[in-house]
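Source file upload-v2.tsv; content: TSV, C-alpha atoms.
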chain	number	residue	atom	x	y	z
A	1454	MET	CA	43.05	55.17	181.16
A	1455	ASN	CA	43.41	54.58	177.44
A	1456	LYS	CA	45.04	57.75	176.11
A	1457	GLN	CA	43.81	57.20	172.54
A	1458	PHE	CA	40.33	58.51	171.96
A	1459	PHE	CA	38.32	60.41	169.40
A	1460	LEU	CA	35.89	62.11	171.78
A	1461	LYS	CA	35.56	62.21	175.54
A	1462	SER	CA	33.15	63.22	178.24
A	1463	GLU	CA	33.37	63.28	182.00
A	1464	LYS	CA	32.74	59.52	182.30
A	1465	THR	CA	33.67	58.05	178.93
A	1466	ILE	CA	35.94	58.07	175.94
A	1467	LEU	CA	34.80	57.21	172.43
A	1468	ARG	CA	37.30	55.44	170.24
A	1469	PRO	CA	37.23	53.50	166.98
A	1470	TYR	CA	36.22	49.86	167.03
A	1471	GLN	CA	39.15	47.41	167.21
A	1472	THR	CA	39.14	43.70	166.39
A	1473	GLU	CA	39.70	42.73	170.03
A	1474	ASP	CA	36.39	44.43	170.91
A	1475	ILE	CA	34.50	41.56	169.29
A	1476	LYS	CA	34.35	39.54	172.53
A	1477	PHE	CA	32.55	42.40	174.30
A	1478	VAL	CA	30.18	43.18	171.43
A	1479	SER	CA	29.29	39.49	171.02
A	1480	GLN	CA	28.48	39.24	174.74
A	1481	TRP	CA	26.28	42.35	174.59
A	1482	PHE	CA	24.41	41.25	171.45
A	1483	ASN	CA	23.69	37.84	173.02
A	1484	ASP	CA	22.69	39.06	176.48
A	1485	PRO	CA	18.89	38.93	176.79
A	1486	GLU	CA	18.85	41.65	179.47
A	1487	VAL	CA	20.94	44.05	177.37
A	1488	THR	CA	18.84	43.49	174.25
A	1489	TYR	CA	15.48	43.12	176.03
A	1490	TYR	CA	13.83	46.03	174.17
A	1491	MET	CA	15.94	45.85	171.03
A	1492	PHE	CA	15.61	44.16	167.66
A	1493	THR	CA	19.22	43.07	168.17
A	1494	GLY	CA	19.04	39.92	170.25
A	1495	GLN	CA	16.12	38.25	168.53
A	1496	ARG	CA	18.44	35.51	167.33
A	1497	PRO	CA	21.75	34.34	168.76
A	1498	LYS	CA	24.85	35.65	167.01
A	1499	THR	CA	28.17	33.88	166.67
A	1500	GLU	CA	31.35	35.92	166.91
A	1501	GLU	CA	31.72	35.53	163.14
A	1502	GLN	CA	28.23	36.98	162.58
A	1503	VAL	CA	28.98	39.90	164.90
A	1504	VAL	CA	32.26	40.49	163.01
A	1505	ASP	CA	30.22	40.68	159.79
A	1506	ILE	CA	27.67	43.07	161.33
A	1507	MET	CA	30.41	45.35	162.62
A	1508	ALA	CA	32.26	45.20	159.29
A	1509	VAL	CA	29.16	46.36	157.41
A	1510	ASN	CA	28.56	49.18	159.89
A	1511	LEU	CA	32.18	50.32	159.86
A	1512	LYS	CA	32.74	50.16	156.10
A	1513	SER	CA	29.73	52.29	155.30
A	1514	GLU	CA	30.36	56.00	154.83
A	1515	GLU	CA	26.83	56.48	156.12
A	1516	ASN	CA	27.67	55.19	159.62
A	1517	THR	CA	30.03	56.40	162.32
A	1518	VAL	CA	30.29	53.90	165.17
A	1519	PHE	CA	32.34	54.28	168.35
A	1520	VAL	CA	33.27	51.93	171.16
A	1521	VAL	CA	32.38	53.52	174.49
A	1522	CYS	CA	34.99	53.02	177.22
A	1523	ASP	CA	34.84	53.93	180.88
A	1524	ILE	CA	37.25	56.85	181.32
A	1525	LYS	CA	38.74	55.50	184.57
A	1526	SER	CA	39.34	51.87	183.63
A	1527	GLY	CA	39.46	52.09	179.84
A	1528	LYS	CA	37.12	49.08	179.73
A	1529	PRO	CA	34.67	48.88	176.78
A	1530	ILE	CA	31.12	49.28	178.08
A	1531	GLY	CA	29.05	49.85	174.93
A	1532	LEU	CA	28.63	51.25	171.45
A	1533	VAL	CA	27.24	54.56	170.24
A	1534	GLY	CA	26.99	55.95	166.76
A	1535	LEU	CA	25.27	57.87	164.04
A	1536	TYR	CA	23.76	55.74	161.30
A	1537	GLU	CA	22.31	56.38	157.87
A	1538	ILE	CA	24.03	59.76	157.72
A	1539	ASP	CA	22.37	61.68	154.89
A	1540	GLY	CA	24.61	64.46	153.61
A	1541	THR	CA	21.88	66.07	151.52
A	1542	ALA	CA	19.18	66.21	154.19
A	1543	ARG	CA	21.89	66.57	156.87
A	1544	LYS	CA	20.32	64.03	159.20
A	1545	ALA	CA	21.32	60.81	160.97
A	1546	GLU	CA	19.91	58.20	163.32
A	1547	MET	CA	21.49	57.92	166.77
A	1548	ARG	CA	21.86	54.43	168.26
A	1549	ILE	CA	23.32	53.42	171.60
A	1550	ILE	CA	23.86	50.21	173.53
A	1551	ILE	CA	25.35	50.14	177.01
A	1552	GLY	CA	26.29	46.49	177.15
A	1553	ASP	CA	27.96	46.39	180.55
A	1554	LYS	CA	25.07	46.33	183.03
A	1555	ASN	CA	27.34	47.69	185.79
A	1556	TYR	CA	27.00	51.08	184.07
A	1557	TRP	CA	23.19	51.17	183.87
A	1558	GLY	CA	21.28	53.81	185.81
A	1559	LYS	CA	24.34	55.97	186.46
A	1560	GLY	CA	23.88	58.72	183.88
A	1561	TYR	CA	25.99	57.17	181.13
A	1562	GLY	CA	23.08	57.01	178.68
A	1563	THR	CA	22.32	60.71	179.00
A	1564	GLU	CA	25.97	61.71	178.80
A	1565	LEU	CA	26.61	59.55	175.72
A	1566	THR	CA	23.49	60.88	174.02
A	1567	GLU	CA	24.68	64.44	174.66
A	1568	LEU	CA	28.19	63.65	173.41
A	1569	ILE	CA	27.16	61.93	170.17
A	1570	THR	CA	24.62	64.70	169.51
A	1571	PHE	CA	27.34	67.31	169.98
A	1572	TYR	CA	29.51	65.37	167.54
A	1573	GLY	CA	26.72	65.20	164.97
A	1574	PHE	CA	26.03	68.92	165.00
A	1575	ASP	CA	29.54	70.28	165.71
A	1576	ARG	CA	31.64	67.97	163.53
A	1577	LEU	CA	29.25	66.60	160.91
A	1578	ASN	CA	27.14	69.75	160.45
A	1579	LEU	CA	23.89	67.82	160.74
A	1580	ASN	CA	20.54	69.55	160.90
A	1581	ARG	CA	18.58	66.73	162.54
A	1582	VAL	CA	19.46	63.75	164.74
A	1583	TYR	CA	16.68	61.25	165.38
A	1584	LEU	CA	16.19	57.94	167.17
A	1585	GLY	CA	13.73	55.19	167.84
A	1586	VAL	CA	13.11	53.67	171.26
A	1587	THR	CA	10.72	51.05	172.55
A	1588	SER	CA	7.96	52.75	174.55
A	1589	GLU	CA	8.48	50.43	177.54
A	1590	ASN	CA	12.17	51.39	177.85
A	1591	ALA	CA	11.56	54.14	180.41
A	1592	GLY	CA	15.24	54.63	181.29
A	1593	ALA	CA	16.24	55.27	177.69
A	1594	CYS	CA	13.28	57.61	177.09
A	1595	LYS	CA	14.26	59.62	180.16
A	1596	ALA	CA	17.91	59.84	179.06
A	1597	TYR	CA	16.93	61.05	175.58
A	1598	GLU	CA	14.55	63.67	176.97
A	1599	LYS	CA	17.24	64.94	179.36
A	1600	ALA	CA	19.58	65.26	176.37
A	1601	GLY	CA	17.05	67.45	174.53
A	1602	TYR	CA	15.29	65.00	172.22
A	1603	VAL	CA	11.58	65.62	171.74
A	1604	TYR	CA	8.75	63.25	170.97
A	1605	GLU	CA	7.74	63.16	167.30
A	1606	GLY	CA	5.40	60.20	167.08
A	1607	THR	CA	4.50	56.63	167.91
A	1608	LEU	CA	4.53	53.55	165.71
A	1609	LYS	CA	1.95	51.18	167.21
A	1610	ASP	CA	2.94	47.53	167.75
A	1611	ASP	CA	6.16	48.14	165.85
A	1612	ILE	CA	8.49	45.68	167.61
A	1613	TYR	CA	7.82	42.13	168.74
A	1614	ARG	CA	9.93	40.85	171.65
A	1615	ASN	CA	9.34	38.90	174.84
A	1616	SER	CA	5.95	37.56	173.66
A	1617	SER	CA	4.66	41.13	173.33
A	1618	TYR	CA	4.27	43.87	170.76
A	1619	TYR	CA	5.78	47.20	171.71
A	1620	ASP	CA	5.19	50.66	170.38
A	1621	SER	CA	8.19	52.50	169.00
A	1622	ILE	CA	8.65	56.11	170.01
A	1623	ARG	CA	10.33	58.44	167.53
A	1624	MET	CA	12.30	61.33	168.97
A	1625	ALA	CA	14.59	63.94	167.44
A	1626	ILE	CA	16.52	67.13	168.06
A	1627	LEU	CA	16.98	69.86	165.47
A	1628	ARG	CA	20.12	71.91	165.00
A	1629	GLU	CA	18.40	75.24	165.69
A	1630	ASP	CA	16.97	74.01	169.00
A	1631	TYR	CA	20.23	72.31	169.97
A	1632	TYR	CA	22.34	75.43	169.37
A	1633	LYS	CA	19.96	77.65	171.33
A	1634	LYS	CA	19.71	75.47	174.41
A	1635	TYR	CA	22.57	72.95	174.58
A	1636	TYR	CA	25.53	73.84	172.37
A	1637	PRO	CA	27.22	76.48	174.59
A	1638	LYS	CA	27.48	74.15	177.61
A	1639	HIS	CA	28.29	71.09	175.47
A	1640	LYS	CA	31.08	72.96	173.71
A	1641	LYS	CA	32.67	73.63	177.11
A	1642	ARG	CA	32.30	69.98	178.12
A	1643	PHE	CA	33.10	68.12	174.92
A	1644	ALA	CA	35.16	70.31	172.55
A	1645	VAL	CA	38.86	69.61	172.20
A	1646	LYS	CA	40.82	72.34	173.93
Could you quickly redo this structure as structure tokens?
Amino acid sequence: MNKQFFLKSEKTILRPYQTEDIKFVSQWFNDPEVTYYMFTGQRPKTEEQVVDIMAVNLKSEENTVFVVCDIKSGKPIGLVGLYEIDGTARKAEMRIIIGDKNYWGKGYGTELTELITFYGFDRLNLNRVYLGVTSENAGACKAYEKAGYVYEGTLKDDIYRNSSYYDSIRMAILREDYYKKYYPKHKKRFAVK
């Protein structure tokens, strides 16, 4: 296991992006199954384009992006982060991509959502974490609900992919609700001891 990490859960470690991660991220962004419900993947991306995308995301003080690694093997399996962090309104958008399909359907999405939400409230003092998800992406919707996110609204025909228009679901979790229901158990699981 990679001993260097910023955050960890039972199944994963979160660490900063490194230049050698580009080969994984490029594969994920160009895999039509991985990006099936996402805006990412509408056009092919060269490694150079992915380097530029990651550079923009990493240089911005408004984004915190982590590489997700399997805790046993240390292998990169995805990305998770908080984007558009607003220090005045104390809110951020959560985004996640599990690029290695071997890790789908095994609880990683829920665990990562819980971990990044804990980070947002515990370390960044956010008041609200929100996300958008394509309505047809049942697995993601289920993971977000299990992690405490609640439905806030629907944007009709918001995303066009796969010869179809999809509705976007907006979900969020507020600090007050998070601390009442989730924080005590997440602190035991995710806080540095």
Might you pull out every residue within 6 Å of stretch 1533-1540 of chain A, with all atoms listed in the file counted and same-chain residues fewer than 4 positions away left off, and present them as a PyMOL selection string? chain A and resi 1515-1519+1544-1549
Can you find the residues with an atom no farther than 12 Å from (22.1, 37.9, 175.3), counting all atoms listed in the file, and report them as a VMD selection string? chain A and resid 1477 to 1499 1552 to 1554
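In this model, the gap between atom CA of A:Tyr1556 and atom CA of A:Ala1625 comes to 24.4 Å.
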Spatial neighbours of stretch 1561-1578 of chain A, 10 Å, only C-alpha atoms, chain gap at least 5 places, as a PyMOL selection string: chain A and resi 1460-1467+1517-1519+1521+1523+1530+1532-1535+1538+1540+1543-1551+1556+1583+1592-1602+1626-1629+1631-1632+1635-1636+1639-1640+1642-1644
Store the residues picked out above in a file with C-alpha atoms, as a PDB file, keeping the file's coordinate frame.
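Done, and the output landed in selection.pdb:
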ATOM      1  CA  LEU A1460      35.890  62.110 171.780  1.00  0.00           C
ATOM      2  CA  LYS A1461      35.560  62.210 175.540  1.00  0.00           C
ATOM      3  CA  SER A1462      33.150  63.220 178.240  1.00  0.00           C
ATOM      4  CA  GLU A1463      33.370  63.280 182.000  1.00  0.00           C
ATOM      5  CA  LYS A1464      32.740  59.520 182.300  1.00  0.00           C
ATOM      6  CA  THR A1465      33.670  58.050 178.930  1.00  0.00           C
ATOM      7  CA  ILE A1466      35.940  58.070 175.940  1.00  0.00           C
ATOM      8  CA  LEU A1467      34.800  57.210 172.430  1.00  0.00           C
ATOM      9  CA  THR A1517      30.030  56.400 162.320  1.00  0.00           C
ATOM     10  CA  VAL A1518      30.290  53.900 165.170  1.00  0.00           C
ATOM     11  CA  PHE A1519      32.340  54.280 168.350  1.00  0.00           C
ATOM     12  CA  VAL A1521      32.380  53.520 174.490  1.00  0.00           C
ATOM     13  CA  ASP A1523      34.840  53.930 180.880  1.00  0.00           C
ATOM     14  CA  ILE A1530      31.120  49.280 178.080  1.00  0.00           C
ATOM     15  CA  LEU A1532      28.630  51.250 171.450  1.00  0.00           C
ATOM     16  CA  VAL A1533      27.240  54.560 170.240  1.00  0.00           C
ATOM     17  CA  GLY A1534      26.990  55.950 166.760  1.00  0.00           C
ATOM     18  CA  LEU A1535      25.270  57.870 164.040  1.00  0.00           C
ATOM     19  CA  ILE A1538      24.030  59.760 157.720  1.00  0.00           C
ATOM     20  CA  GLY A1540      24.610  64.460 153.610  1.00  0.00           C
ATOM     21  CA  ARG A1543      21.890  66.570 156.870  1.00  0.00           C
ATOM     22  CA  LYS A1544      20.320  64.030 159.200  1.00  0.00           C
ATOM     23  CA  ALA A1545      21.320  60.810 160.970  1.00  0.00           C
ATOM     24  CA  GLU A1546      19.910  58.200 163.320  1.00  0.00           C
ATOM     25  CA  MET A1547      21.490  57.920 166.770  1.00  0.00           C
ATOM     26  CA  ARG A1548      21.860  54.430 168.260  1.00  0.00           C
ATOM     27  CA  ILE A1549      23.320  53.420 171.600  1.00  0.00           C
ATOM     28  CA  ILE A1550      23.860  50.210 173.530  1.00  0.00           C
ATOM     29  CA  ILE A1551      25.350  50.140 177.010  1.00  0.00           C
ATOM     30  CA  TYR A1556      27.000  51.080 184.070  1.00  0.00           C
ATOM     31  CA  TYR A1583      16.680  61.250 165.380  1.00  0.00           C
ATOM     32  CA  GLY A1592      15.240  54.630 181.290  1.00  0.00           C
ATOM     33  CA  ALA A1593      16.240  55.270 177.690  1.00  0.00           C
ATOM     34  CA  CYS A1594      13.280  57.610 177.090  1.00  0.00           C
ATOM     35  CA  LYS A1595      14.260  59.620 180.160  1.00  0.00           C
ATOM     36  CA  ALA A1596      17.910  59.840 179.060  1.00  0.00           C
ATOM     37  CA  TYR A1597      16.930  61.050 175.580  1.00  0.00           C
ATOM     38  CA  GLU A1598      14.550  63.670 176.970  1.00  0.00           C
ATOM     39  CA  LYS A1599      17.240  64.940 179.360  1.00  0.00           C
ATOM     40  CA  ALA A1600      19.580  65.260 176.370  1.00  0.00           C
ATOM     41  CA  GLY A1601      17.050  67.450 174.530  1.00  0.00           C
ATOM     42  CA  TYR A1602      15.290  65.000 172.220  1.00  0.00           C
ATOM     43  CA  ILE A1626      16.520  67.130 168.060  1.00  0.00           C
ATOM     44  CA  LEU A1627      16.980  69.860 165.470  1.00  0.00           C
ATOM     45  CA  ARG A1628      20.120  71.910 165.000  1.00  0.00           C
ATOM     46  CA  GLU A1629      18.400  75.240 165.690  1.00  0.00           C
ATOM     47  CA  TYR A1631      20.230  72.310 169.970  1.00  0.00           C
ATOM     48  CA  TYR A1632      22.340  75.430 169.370  1.00  0.00           C
ATOM     49  CA  TYR A1635      22.570  72.950 174.580  1.00  0.00           C
ATOM     50  CA  TYR A1636      25.530  73.840 172.370  1.00  0.00           C
ATOM     51  CA  HIS A1639      28.290  71.090 175.470  1.00  0.00           C
ATOM     52  CA  LYS A1640      31.080  72.960 173.710  1.00  0.00           C
ATOM     53  CA  ARG A1642      32.300  69.980 178.120  1.00  0.00           C
ATOM     54  CA  PHE A1643      33.100  68.120 174.920  1.00  0.00           C
ATOM     55  CA  ALA A1644      35.160  70.310 172.550  1.00  0.00           C
TER      56      ALA A1644
END
By how many Å are atom CA of A:Asn1580 and atom CA of A:Ser1513 apart?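 So the answer is 20.3 Å.
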Do you have, as CSV, the list of residues of stretch 1507-1605 of chain A lying at most 7 Å from stretch 1610-1621 of chain A, each with its nearest atom pair and that distance in Å to one decimal, counting all atoms listed in the file and ordered by chain then number?
residue,atom,partner,partner_atom,distance
A:Gly1585,CA,A:Ser1621,CA,6.3
A:Val1586,CA,A:Ser1621,CA,5.5
A:Thr1587,CA,A:Ser1621,CA,4.6
A:Ser1588,CA,A:Asp1620,CA,5.4
Counting only C-alpha atoms, the residue among A:Ala1542, A:Val1645, A:Val1582, A:Ile1475 that lies closest to A:Glu1500 is A:Ile1475
May I ask for the distance between atom CA of A:Leu1608 and atom CA of A:Arg1623, given in Å to one decimal place?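 Straight-line distance from atom CA of A:Leu1608 to atom CA of A:Arg1623 works out to 7.8 Å.
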